[in-house]
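Have a look at the structure below, then the notes.
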Amino acid sequence: MKVLKFGGTSVGSVDSILSLKNIVEAEAKKQSVVVVVSALGGITNQLLSTSQLALKHNDRWKDQFDAMVDRHHKMIDTIITDTKKRENLFNTVDQLFEQLKSIYYGVYLIHDLSPKTQNAIVSYGERLSSNIVASLIKGAKWFDSRNFIKTEWKNHKNMLDSELTNKLVKDTFEDLPRISLVPGFISRDRDTDEITNLGRGGSDYTAAIIAAALDAEVLEIWTDVDGFMTADPRIIKNAYTIPELSYIEAMELCNFGAKVVYPPTIYPVCVKNIPIRIKNTFNPDNPGTIILNHIQEDDKLIKGISSINGVALITVTGLSMVGVIGVNRRIFTALTKEGISVFLVSQASSENSTSVGVKEEDADAAVAVLDHEFAAEIEDGAMFPMHAEKGLATVAIVGEKMKHTAGIAGKLFGTLGRSGISVIACAQGASETNISFVVKSDVLRKSLNVLHDSFFLSDYKVLNLFICGVGTVGGKLIEQIKKQYEELKERSRLKLNVVGIASSHNAIYNRDGLNLDNFKAELKKSETSSPEKLRDHIIAMNIFNSVFVDCTASKDVAALYQSLLDHNVSVVAANKIAASSDYTSYIRLKNTALSRGVKFRFETNVGAGLPIIGTINDLRNSGDKILKIQAVLSGTLNYIFNKISSDCPFSETVRLAKEEGYAEPDPRVDLSGTDVVRKLVILSREAGYKVEQEDVEKNLFIPKEYFEGNVENFWKRLPELDAEFEVKRKKLEAEKKRWRFVATFEGGKTSVGLQEIDMRHPFYDLEGSNNIVMLTTERYKEFPMLIQGYGAGASVTAAGVFANIMSIANI
Ligand code: ADP
Ligand code: ASP
Ligand code: MG
């Protein structure tokens with residue numbers, strides 16, 4: 001025989017209840033089944049909240065009550081087609097509702113709601129639903145579980161009397177009908193006969209008790225997800241079904257908040273070695289999860305992650321506790337007497353403090369109990385008064401394979417540290433199937449995500465991108481991400497989630513990923529933003545594995561990097577301002593990234609997509625020393641000096657460079673050499689030298705006064721220079737030389753300036769807007785290393801930014 005339990009969602013709607021009917025009838029063709037059902041989804045909560053309204057003498061209790069009646073009536077009207085059956089069922093159901101109404105009315109009148117009354121009220125949910133299902137399924141026999149599930153009052157709780165229950169279940173089902181229908185959750189006190197229950201979520205337990213007593217072949221728990229998942233699917237979008245779990249793993253995950261199975265459920269079936277299968281009522285063909293004693297080997301070190309929010313940590317500490325025998329015994333005895341359960345204990349080996357994790361609602365009582373227990377020690381100063389830290393959450397990672405595998409705790413805490421999450425307390429049982437730790441509630445989601453990701457529980461690694469700037473480079477980058485998205489998912493198991501996009505005045509966010517097809521329209525409709533708002537929003541979203549991508553040329557955006565890195569957000573910058581700003585800030589950014597375990601990457605600051613900074617870093621890391629750098633680093637200037645001819649005067653070449661999209665937004669940044677100076681400073685710094693922009697000697701080719709005033713003025717005056725340039729150009733042509741604007745670093749000195757290059761020089765043939773960098777190092781001395789190629793353009797720059805993002809994903 002089999003026991004099938006259907007949860008609230010499986011009896012919540014007409015569709016689900018009809019699916020339940022099909023599942024049960026198909027199973028009953030093969031063997032006898034006991035079907036355990038919960039209340040209609042959400043009804044238990046409504047029964048409770050209605051009782052609170054009645055208690056507070058709020059007349060709205062009647063509306064809520066009527067709504068419940070209405071929901072049940074509608075359900076019956078739709079699913080029970082046989083008139084006679086429907087009439088009988090209405091009779092039963094209305095009788096139950098009448099009793100329930102009288103109880104509520106009593107509560108309303110006398111302003112009192114005892115736990116006993118509350119238990120009576122809450123029992124109606126399952127009593128109603130089970131009658132409906134029994135009437136729906138042909139040949140089903142209804143049983144009242146209160147007659148055979150018995151509890152006793154122990155440690156301030158209703159606890160199952162297993163022995164008595166076991167016997168009664170066996171007696172009740174001695175002649176097992178083909179289909180038995182049983183309400184879950186509800187029970188009776190063995191001594192007083194009052195209605196009790198097995199606790200919230202307790203229908204699972206009812207089913208397990210029956211399965212164990214009747215030696216069922218399997219216990220099936222039918223719910224609304226495809227089985228036991230690697231994490232709570234409401235929090236972790238990438239969570240997926242675990243095909244097999246051991247009883248121990250399932251127990252650990254449930255104890256730490258995996259709501260899919262009520263924790264006490266596992267024990268009765270585990271001792272009888274009865275497998276539990278978790279299945280989806282809405283997707284019956286999915287195999288779901290099987291929970292067994294011995295599971296097949298798989299390569300996953302960690303099976304799942306679960307968490308409990310609303311936790312408080314109470315630390316019992318003092319100066320002279322060391323070696324005092326019995327402190328722990330007294331803590332636990334005192335808490336147990338009060339019915340307070342402890343789900344995490346952490347004790348330092350100095351024995352100077354013991355921290356216990358309890359539910360937040362138990363915290364005040366726990367503090368009072370412990371203060372009372374240790375009153376004498378507190379009085380004589382050996383111990384401090386108790387203190388509860390609230391607003392916490394506990395997370396547990398679970399997997400039997402963790403046993404004897406080194407490095408899991410290291411990876412766990414390393415991962416959390418890199419995400420800026422601090423661990424308040426932690427515990428690992430000697431069984432080594434669970435490591436649990438306490439964090440602040442506001443980083444719970446991030447902790448779960450980052451761990452799910454780093455232990456490769458997910459099918460994909462996720463990188464969450466905030467892209468700032470949607471101009472030429474930003475726009476191209478988004479296009480490239482969109483194009484590569486599927487390919488990266490397939491080939492690299494990487495999901496590039498764009499969670500934020502900001503233009504200069506607007507910003508849009510979505511932690512699950514923005515739709516890149518219509519982001520421009522969305523941006524237009526969005527609220528206005530500013531760099532500060534953007535920063536605050538990113539920090540508040542607190543998303544794991546996040547990367548800020550700066551595709552602007554804005555000083556204000558560059559000013560955000562420090563606080564973003566401080567909050568463990570990696571930064572990829574196409575914007576050169578930060579890396580070329582004062583040396584102290586540059587070093588601080590790099591050091592922050594290093595100490596926080598995040599990345600600050602700016603490869604495209606020099607030579608767009610060319611691998612220049614990366615190469616310098618590789619050379620240095622492998623022990624080489626950069627002695628000299630000579631480079632043509634301005635695509636714009638190179639374009640201009642390649643373009644200039646008798647037909648195309650100087651001013652015209654500048655205009656063309658702008659039109660072709662090579663120039664910086666303000667061409668003066670190129671022509672004044674500022675852009676090249678910034679790049680040279682960055683290269684010299686990456687080569688290991690302390691260089692500031694002011695240190696660079698500038699030999700300019702446009703008189704200083706042209707840069708004063710506004711940009712319009714600049715454009716207006718530029719043609720004045722054409723004649724003089726033409727004279728010089730003719731001379732140069734005759735000498736078979738070319739102009740190159742060269743940046744040089746040598747012996748700690750830096751300079752930029754226009755040089756006349758002859759035909760034998762490697763810079764002579766540098767075409768279009770290309771860049772070239774010549775690195776003379778200790779290893780590449782006689783024949784320097786040359787890196788050459790497109791040094792400007794939105795596509796190659798965006799591709800360089802993309803490569804930087806990928807380099808973060810690959811660590
Ligand atoms: P039922 O009404 O069927 O008893 P519950 O709401 O009690 O259903 O439990 C199922 C829900 O548990 C799922 O809808 C899911 O949101 C939640 N859940 C939390 N953690 C997990 C997990 N690790 N695997 C599957 N579901 C989980
Ligand atoms: N209906 C009860 C609850 O909501 C029991 C259950 O669903 O398992 O807690
Ligand atoms: Mg449940």
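Here, A, B, ... name the chains of the structure tokens in the order displayed, residue numbers run from 1 inside each chain, and ligands are numbered from 1 in the same displayed order.
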**Q.** Environment of ligand 2 within 12 Å, counting only C-alpha atoms and all ligand atoms, reported as a count of residues only
**A.** 59
Q: Please run DSSP on the backbone and report, as a VMD selection string, all residues within stretch 350-577 of chain A that come out as strand (DSSP E or B).
A: chain A and resid 353 to 359 387 to 398 425 to 428 434 to 440 461 to 468 494 to 502 506 to 509 528 546 to 550 570 to 573
Q: Run DSSP on the backbone of this structure and report the residues of stretch 114-328 of chain A it assigns to helix (DSSP H, G or I), as a PyMOL selection string.
A: chain A and resi 115-136+145-147+162-172+203-213+247-255+263-271+327-328
Please identify all polymer residues within 7 Å of A:Phe228, counting only C-alpha atoms, omitting same-chain residues fewer than 2 positions from it, and present them as a compact mmCIF listing (two decimals) with N, CA, C and O atoms, in the first residue's frame.
```txt
# COMPACT_ATOMS: atom_id res chain seq x y z
N THR A 230 17.37 22.39 -4.51
CA THR A 230 18.66 22.74 -3.90
C THR A 230 18.55 23.92 -2.95
O THR A 230 19.41 24.10 -2.09
N THR A 241 15.65 20.68 -8.88
CA THR A 241 15.27 19.50 -8.12
C THR A 241 16.46 18.59 -7.84
O THR A 241 17.28 18.33 -8.72
N ILE A 242 16.53 18.11 -6.60
CA ILE A 242 17.56 17.14 -6.24
C ILE A 242 16.94 15.77 -6.47
O ILE A 242 15.93 15.44 -5.84
N VAL A 260 9.35 22.49 2.34
CA VAL A 260 8.68 21.50 1.51
C VAL A 260 8.27 20.24 2.30
O VAL A 260 7.29 19.59 1.99
N ILE A 278 8.84 13.04 -3.21
CA ILE A 278 8.20 14.36 -3.28
C ILE A 278 7.81 14.57 -4.74
O ILE A 278 8.67 14.48 -5.63
N THR A 289 11.63 13.97 -6.26
CA THR A 289 12.78 13.59 -5.43
C THR A 289 12.45 12.34 -4.65
O THR A 289 11.35 12.20 -4.15
```
